[in-house]
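Novice: Here you go, this is target-v1.json (JSON, N, CA and C atoms).
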[["chain", "number", "residue", "atom", "x", "y", "z"],
["A", 1, "MET", "N", 109.63, -20.25, 12.74],
["A", 1, "MET", "CA", 110.07, -19.76, 11.44],
["A", 1, "MET", "C", 109.75, -18.27, 11.33],
["A", 2, "GLY", "N", 110.60, -17.55, 10.64],
["A", 2, "GLY", "CA", 110.38, -16.13, 10.43],
["A", 2, "GLY", "C", 109.39, -15.87, 9.30],
["A", 3, "ARG", "N", 108.95, -14.64, 9.24],
["A", 3, "ARG", "CA", 108.02, -14.26, 8.17],
["A", 3, "ARG", "C", 108.77, -13.95, 6.89],
["A", 4, "CYS", "N", 108.10, -14.18, 5.80],
["A", 4, "CYS", "CA", 108.69, -13.92, 4.48],
["A", 4, "CYS", "C", 108.01, -12.71, 3.85],
["A", 5, "GLY", "N", 108.77, -11.73, 3.44],
["A", 5, "GLY", "CA", 108.19, -10.56, 2.78],
["A", 5, "GLY", "C", 107.45, -9.66, 3.73],
["A", 6, "ASN", "N", 106.42, -8.97, 3.24],
["A", 6, "ASN", "CA", 105.62, -8.05, 4.03],
["A", 6, "ASN", "C", 104.28, -8.65, 4.42],
["A", 7, "HIS", "N", 104.24, -9.93, 4.72],
["A", 7, "HIS", "CA", 102.99, -10.58, 5.11],
["A", 7, "HIS", "C", 102.74, -10.32, 6.59],
["A", 8, "GLY", "N", 101.50, -10.33, 6.99],
["A", 8, "GLY", "CA", 101.16, -10.10, 8.38],
["A", 8, "GLY", "C", 100.44, -8.78, 8.56],
["A", 9, "SER", "N", 100.36, -8.33, 9.80],
["A", 9, "SER", "CA", 99.58, -7.13, 10.10],
["A", 9, "SER", "C", 100.32, -5.83, 9.86],
["A", 10, "LYS", "N", 101.66, -5.86, 9.82],
["A", 10, "LYS", "CA", 102.44, -4.64, 9.61],
["A", 10, "LYS", "C", 103.07, -4.64, 8.23],
["A", 11, "HIS", "N", 102.84, -3.59, 7.48],
["A", 11, "HIS", "CA", 103.41, -3.46, 6.13],
["A", 11, "HIS", "C", 104.33, -2.26, 6.09],
["A", 12, "THR", "N", 105.34, -2.34, 5.28],
["A", 12, "THR", "CA", 106.28, -1.23, 5.12],
["A", 12, "THR", "C", 106.11, -0.64, 3.74],
["A", 13, "MET", "N", 105.94, 0.68, 3.68],
["A", 13, "MET", "CA", 105.84, 1.38, 2.41],
["A", 13, "MET", "C", 107.20, 1.96, 2.09],
["A", 14, "ARG", "N", 107.66, 1.74, 0.88],
["A", 14, "ARG", "CA", 108.96, 2.26, 0.47],
["A", 14, "ARG", "C", 108.79, 3.12, -0.78],
["A", 15, "GLU", "N", 109.59, 4.17, -0.88],
["A", 15, "GLU", "CA", 109.61, 4.99, -2.08],
["A", 15, "GLU", "C", 110.78, 4.54, -2.93],
["A", 16, "ALA", "N", 110.60, 4.64, -4.24],
["A", 16, "ALA", "CA", 111.67, 4.24, -5.15],
["A", 16, "ALA", "C", 111.71, 5.18, -6.34],
["A", 17, "THR", "N", 112.88, 5.33, -6.90],
["A", 17, "THR", "CA", 113.05, 6.09, -8.13],
["A", 17, "THR", "C", 113.45, 5.11, -9.21],
["A", 18, "LEU", "N", 112.79, 5.18, -10.33],
["A", 18, "LEU", "CA", 113.08, 4.28, -11.44],
["A", 18, "LEU", "C", 113.51, 5.09, -12.64],
["A", 19, "ILE", "N", 114.59, 4.70, -13.24],
["A", 19, "ILE", "CA", 115.04, 5.31, -14.48],
["A", 19, "ILE", "C", 114.95, 4.25, -15.56],
["A", 20, "ALA", "N", 114.15, 4.51, -16.55],
["A", 20, "ALA", "CA", 113.96, 3.55, -17.64],
["A", 20, "ALA", "C", 114.38, 4.21, -18.95],
["A", 21, "TYR", "N", 115.08, 3.48, -19.76],
["A", 21, "TYR", "CA", 115.52, 3.97, -21.06],
["A", 21, "TYR", "C", 114.70, 3.29, -22.14],
["A", 22, "HIS", "N", 114.07, 4.08, -22.99],
["A", 22, "HIS", "CA", 113.22, 3.56, -24.06],
["A", 22, "HIS", "C", 113.65, 4.18, -25.38],
["A", 23, "PRO", "N", 113.43, 3.46, -26.46],
["A", 23, "PRO", "CA", 113.73, 4.02, -27.78],
["A", 23, "PRO", "C", 112.87, 5.26, -28.04],
["A", 24, "ARG", "N", 113.41, 6.20, -28.80],
["A", 24, "ARG", "CA", 112.66, 7.38, -29.19],
["A", 24, "ARG", "C", 111.42, 6.95, -29.98],
["A", 25, "ASP", "N", 110.33, 7.63, -29.79],
["A", 25, "ASP", "CA", 109.07, 7.36, -30.49],
["A", 25, "ASP", "C", 108.49, 5.98, -30.17],
["A", 26, "MET", "N", 108.70, 5.49, -28.96],
["A", 26, "MET", "CA", 108.14, 4.21, -28.54],
["A", 26, "MET", "C", 106.62, 4.35, -28.43],
["A", 27, "ALA", "N", 105.90, 3.40, -28.99],
["A", 27, "ALA", "CA", 104.44, 3.46, -29.02],
["A", 27, "ALA", "C", 103.82, 2.61, -27.91],
["A", 28, "VAL", "N", 102.62, 2.99, -27.51],
["A", 28, "VAL", "CA", 101.86, 2.26, -26.50],
["A", 28, "VAL", "C", 101.33, 0.97, -27.13],
["A", 29, "GLY", "N", 101.53, -0.13, -26.43],
["A", 29, "GLY", "CA", 101.03, -1.43, -26.90],
["A", 29, "GLY", "C", 99.62, -1.70, -26.41],
["A", 30, "LYS", "N", 99.11, -2.86, -26.76],
["A", 30, "LYS", "CA", 97.76, -3.25, -26.39],
["A", 30, "LYS", "C", 97.70, -3.55, -24.89],
["A", 31, "ALA", "N", 96.72, -3.00, -24.22],
["A", 31, "ALA", "CA", 96.52, -3.24, -22.79],
["A", 31, "ALA", "C", 95.64, -4.48, -22.64],
["A", 32, "ASN", "N", 96.28, -5.64, -22.64],
["A", 32, "ASN", "CA", 95.52, -6.89, -22.66],
["A", 32, "ASN", "C", 95.47, -7.60, -21.31],
["A", 33, "ASN", "N", 95.84, -6.92, -20.24],
["A", 33, "ASN", "CA", 95.66, -7.48, -18.90],
["A", 33, "ASN", "C", 95.54, -6.35, -17.88],
["A", 34, "TYR", "N", 95.13, -6.71, -16.69],
["A", 34, "TYR", "CA", 94.85, -5.72, -15.64],
["A", 34, "TYR", "C", 96.07, -4.85, -15.33],
["A", 35, "ALA", "N", 97.25, -5.45, -15.22],
["A", 35, "ALA", "CA", 98.46, -4.69, -14.89],
["A", 35, "ALA", "C", 98.79, -3.65, -15.95],
["A", 36, "LYS", "N", 98.67, -4.00, -17.22],
["A", 36, "LYS", "CA", 98.95, -3.05, -18.30],
["A", 36, "LYS", "C", 97.95, -1.91, -18.30],
["A", 37, "VAL", "N", 96.69, -2.22, -18.05],
["A", 37, "VAL", "CA", 95.66, -1.18, -17.98],
["A", 37, "VAL", "C", 95.97, -0.20, -16.86],
["A", 38, "ARG", "N", 96.31, -0.73, -15.68],
["A", 38, "ARG", "CA", 96.63, 0.14, -14.53],
["A", 38, "ARG", "C", 97.88, 0.97, -14.79],
["A", 39, "ASN", "N", 98.90, 0.40, -15.43],
["A", 39, "ASN", "CA", 100.12, 1.15, -15.74],
["A", 39, "ASN", "C", 99.83, 2.27, -16.73],
["A", 40, "LEU", "N", 99.01, 2.00, -17.74],
["A", 40, "LEU", "CA", 98.66, 3.06, -18.70],
["A", 40, "LEU", "C", 97.91, 4.19, -18.01],
["A", 41, "GLU", "N", 97.03, 3.84, -17.09],
["A", 41, "GLU", "CA", 96.28, 4.87, -16.36],
["A", 41, "GLU", "C", 97.20, 5.68, -15.44],
["A", 42, "ALA", "N", 98.10, 5.00, -14.74],
["A", 42, "ALA", "CA", 98.93, 5.66, -13.73],
["A", 42, "ALA", "C", 100.11, 6.43, -14.30],
["A", 43, "PHE", "N", 100.74, 5.92, -15.36],
["A", 43, "PHE", "CA", 102.00, 6.50, -15.83],
["A", 43, "PHE", "C", 101.93, 7.18, -17.19],
["A", 44, "PHE", "N", 100.89, 6.91, -17.97],
["A", 44, "PHE", "CA", 100.84, 7.46, -19.32],
["A", 44, "PHE", "C", 99.56, 8.22, -19.62],
["A", 45, "ASP", "N", 98.77, 8.56, -18.63],
["A", 45, "ASP", "CA", 97.52, 9.31, -18.83],
["A", 45, "ASP", "C", 96.54, 8.58, -19.74],
["A", 46, "ASN", "N", 96.62, 7.24, -19.76],
["A", 46, "ASN", "CA", 95.69, 6.37, -20.49],
["A", 46, "ASN", "C", 95.56, 6.69, -21.98],
["A", 47, "PRO", "N", 96.66, 6.69, -22.72],
["A", 47, "PRO", "CA", 96.61, 6.99, -24.16],
["A", 47, "PRO", "C", 96.07, 5.81, -24.97],
["A", 48, "PRO", "N", 95.59, 6.05, -26.17],
["A", 48, "PRO", "CA", 95.12, 4.96, -27.02],
["A", 48, "PRO", "C", 96.29, 4.13, -27.56],
["A", 49, "GLU", "N", 96.01, 2.88, -27.89],
["A", 49, "GLU", "CA", 97.02, 1.99, -28.46],
["A", 49, "GLU", "C", 97.63, 2.60, -29.72],
["A", 50, "GLY", "N", 98.95, 2.53, -29.84],
["A", 50, "GLY", "CA", 99.65, 3.05, -31.01],
["A", 50, "GLY", "C", 100.16, 4.47, -30.86],
["A", 51, "SER", "N", 99.71, 5.20, -29.82],
["A", 51, "SER", "CA", 100.20, 6.57, -29.63],
["A", 51, "SER", "C", 101.58, 6.55, -28.97],
["A", 52, "ILE", "N", 102.26, 7.67, -28.98],
["A", 52, "ILE", "CA", 103.59, 7.77, -28.40],
["A", 52, "ILE", "C", 103.50, 7.58, -26.88],
["A", 53, "ALA", "N", 104.40, 6.77, -26.33],
["A", 53, "ALA", "CA", 104.40, 6.46, -24.89],
["A", 53, "ALA", "C", 105.00, 7.63, -24.11],
["A", 54, "ALA", "N", 104.18, 8.60, -23.81],
["A", 54, "ALA", "CA", 104.60, 9.77, -23.04],
["A", 54, "ALA", "C", 103.41, 10.25, -22.22],
["A", 55, "GLY", "N", 103.69, 10.77, -21.05],
["A", 55, "GLY", "CA", 102.62, 11.27, -20.20],
["A", 55, "GLY", "C", 103.14, 12.28, -19.21],
["A", 56, "SER", "N", 102.26, 12.87, -18.45],
["A", 56, "SER", "CA", 102.65, 13.90, -17.49],
["A", 56, "SER", "C", 103.48, 13.36, -16.33],
["A", 57, "THR", "N", 103.38, 12.07, -16.06],
["A", 57, "THR", "CA", 104.11, 11.50, -14.93],
["A", 57, "THR", "C", 105.41, 10.81, -15.34],
["A", 58, "ASN", "N", 105.70, 10.75, -16.62],
["A", 58, "ASN", "CA", 106.97, 10.14, -17.06],
["A", 58, "ASN", "C", 107.69, 11.13, -17.96],
["A", 59, "THR", "N", 108.16, 12.19, -17.35],
["A", 59, "THR", "CA", 108.77, 13.28, -18.09],
["A", 59, "THR", "C", 110.17, 12.96, -18.57],
["A", 60, "LEU", "N", 110.58, 13.63, -19.60],
["A", 60, "LEU", "CA", 111.92, 13.51, -20.14],
["A", 60, "LEU", "C", 112.89, 14.29, -19.25],
["A", 61, "VAL", "N", 113.92, 13.61, -18.77],
["A", 61, "VAL", "CA", 114.89, 14.29, -17.90],
["A", 61, "VAL", "C", 116.24, 14.47, -18.55],
["A", 62, "TYR", "N", 116.47, 13.82, -19.67],
["A", 62, "TYR", "CA", 117.75, 13.96, -20.36],
["A", 62, "TYR", "C", 117.55, 13.66, -21.85],
["A", 63, "SER", "N", 118.16, 14.46, -22.67],
["A", 63, "SER", "CA", 118.12, 14.24, -24.11],
["A", 63, "SER", "C", 119.44, 14.66, -24.71],
["A", 64, "GLN", "N", 119.92, 13.91, -25.68],
["A", 64, "GLN", "CA", 121.18, 14.26, -26.34],
["A", 64, "GLN", "C", 120.96, 15.27, -27.42]]
Let me see the structure of the file written as structure tokens.

Specialist:
Amino acid sequence: MGRCGNHGSKHTMREATLIAYHPRDMAVGKANNYAKVRNLEAFFDNPPEGSIAAGSTNTLVYSQ
């Protein structure tokens, strides 16, 4: 049988570009699990709950 996914001794790293559309003035929600905490740290500069969801790594690239 073949291997499924990236299991085993060799792993492949891939780069990806993500474009996400969010409502204007979207607020940061409660970080109630490990994944949300890590996302807030990595993509939003770890803002407090209720603040505007914006950070240095998720810049605005288009506005009407």

Novice: Among segment 13-62 of chain A, which residues carry a DSSP assignment of helix (DSSP H, G or I), reported as number ranges by chain?

Specialist: A: 34-43

Novice: Let's have the selection written as a PDB file, keeping the file's coordinate frame, with N, CA and C atoms.

Specialist:
ATOM      1  N   TYR A  34      95.130  -6.710 -16.690  1.00  0.00           N
ATOM      2  CA  TYR A  34      94.850  -5.720 -15.640  1.00  0.00           C
ATOM      3  C   TYR A  34      96.070  -4.850 -15.330  1.00  0.00           C
ATOM      4  N   ALA A  35      97.250  -5.450 -15.220  1.00  0.00           N
ATOM      5  CA  ALA A  35      98.460  -4.690 -14.890  1.00  0.00           C
ATOM      6  C   ALA A  35      98.790  -3.650 -15.950  1.00  0.00           C
ATOM      7  N   LYS A  36      98.670  -4.000 -17.220  1.00  0.00           N
ATOM      8  CA  LYS A  36      98.950  -3.050 -18.300  1.00  0.00           C
ATOM      9  C   LYS A  36      97.950  -1.910 -18.300  1.00  0.00           C
ATOM     10  N   VAL A  37      96.690  -2.220 -18.050  1.00  0.00           N
ATOM     11  CA  VAL A  37      95.660  -1.180 -17.980  1.00  0.00           C
ATOM     12  C   VAL A  37      95.970  -0.200 -16.860  1.00  0.00           C
ATOM     13  N   ARG A  38      96.310  -0.730 -15.680  1.00  0.00           N
ATOM     14  CA  ARG A  38      96.630   0.140 -14.530  1.00  0.00           C
ATOM     15  C   ARG A  38      97.880   0.970 -14.790  1.00  0.00           C
ATOM     16  N   ASN A  39      98.900   0.400 -15.430  1.00  0.00           N
ATOM     17  CA  ASN A  39     100.120   1.150 -15.740  1.00  0.00           C
ATOM     18  C   ASN A  39      99.830   2.270 -16.730  1.00  0.00           C
ATOM     19  N   LEU A  40      99.010   2.000 -17.740  1.00  0.00           N
ATOM     20  CA  LEU A  40      98.660   3.060 -18.700  1.00  0.00           C
ATOM     21  C   LEU A  40      97.910   4.190 -18.010  1.00  0.00           C
ATOM     22  N   GLU A  41      97.030   3.840 -17.090  1.00  0.00           N
ATOM     23  CA  GLU A  41      96.280   4.870 -16.360  1.00  0.00           C
ATOM     24  C   GLU A  41      97.200   5.680 -15.440  1.00  0.00           C
ATOM     25  N   ALA A  42      98.100   5.000 -14.740  1.00  0.00           N
ATOM     26  CA  ALA A  42      98.930   5.660 -13.730  1.00  0.00           C
ATOM     27  C   ALA A  42     100.110   6.430 -14.300  1.00  0.00           C
ATOM     28  N   PHE A  43     100.740   5.920 -15.360  1.00  0.00           N
ATOM     29  CA  PHE A  43     102.000   6.500 -15.830  1.00  0.00           C
ATOM     30  C   PHE A  43     101.930   7.180 -17.190  1.00  0.00           C
TER      31      PHE A  43
END

Novice: Name the closest residue to Lys30 of chain A among the candidates A:Gly50, A:His11, A:Ala42, A:Leu18; distances are taken between atoms, counting only N, CA and C atoms.

Specialist: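 Counting only N, CA and C atoms, the residue closest to Lys30 of chain A is A:Gly50.
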
Novice: May I ask for the distance between atom CA of Glu15 of chain A and atom C of Thr57 of chain A, given in Å to one decimal place?

Specialist: 15.1 Å

Novice: For atom CA of Ile52 of chain A and atom CA of Asp25 of chain A, quote the distance in Å rounded to one decimal.

Specialist: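 Calculated distance between atom CA of Ile52 of chain A and atom CA of Asp25 of chain A is 5.9 Å.
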
Novice: In Å, with one decimal, what is the gap from atom CA of Lys36 of chain A to atom CA of Lys10 of chain A?

Specialist: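 Separating atom CA of Lys36 of chain A from atom CA of Lys10 of chain A is a distance of 28.2 Å.
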
Novice: Which is closer to Glu49 of chain A than all the others in A:Pro23, A:Thr12, A:Ala31, A:Thr17, using all atoms listed in the file?

Specialist: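 So, comparing all the options, the nearest one is A:Ala31.
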
Novice: Tell me which of A:Asn46, A:Arg14, A:Ala54, A:Glu41 sits closest to Ala27 of chain A, counting only N, CA and C atoms.

Specialist: A:Ala54

Novice: May I have the protein, DNA and RNA residues with any atom at most 5 Å from the point (99.8, 9.7, -18.9), counting only N, CA and C atoms, written as a compact mmCIF listing (two decimals) with N, CA and C atoms, keeping the file's coordinate frame?

Specialist:
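Below is the file result.txt, written as the result:
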# COMPACT_ATOMS: atom_id res chain seq x y z
N PHE A 43 100.74 5.92 -15.36
CA PHE A 43 102.00 6.50 -15.83
C PHE A 43 101.93 7.18 -17.19
N PHE A 44 100.89 6.91 -17.97
CA PHE A 44 100.84 7.46 -19.32
C PHE A 44 99.56 8.22 -19.62
N ASP A 45 98.77 8.56 -18.63
CA ASP A 45 97.52 9.31 -18.83
C ASP A 45 96.54 8.58 -19.74
N ASN A 46 96.62 7.24 -19.76
CA ASN A 46 95.69 6.37 -20.49
C ASN A 46 95.56 6.69 -21.98
N ALA A 54 104.18 8.60 -23.81
CA ALA A 54 104.60 9.77 -23.04
C ALA A 54 103.41 10.25 -22.22
N GLY A 55 103.69 10.77 -21.05
CA GLY A 55 102.62 11.27 -20.20
C GLY A 55 103.14 12.28 -19.21
N SER A 56 102.26 12.87 -18.45
CA SER A 56 102.65 13.90 -17.49
C SER A 56 103.48 13.36 -16.33
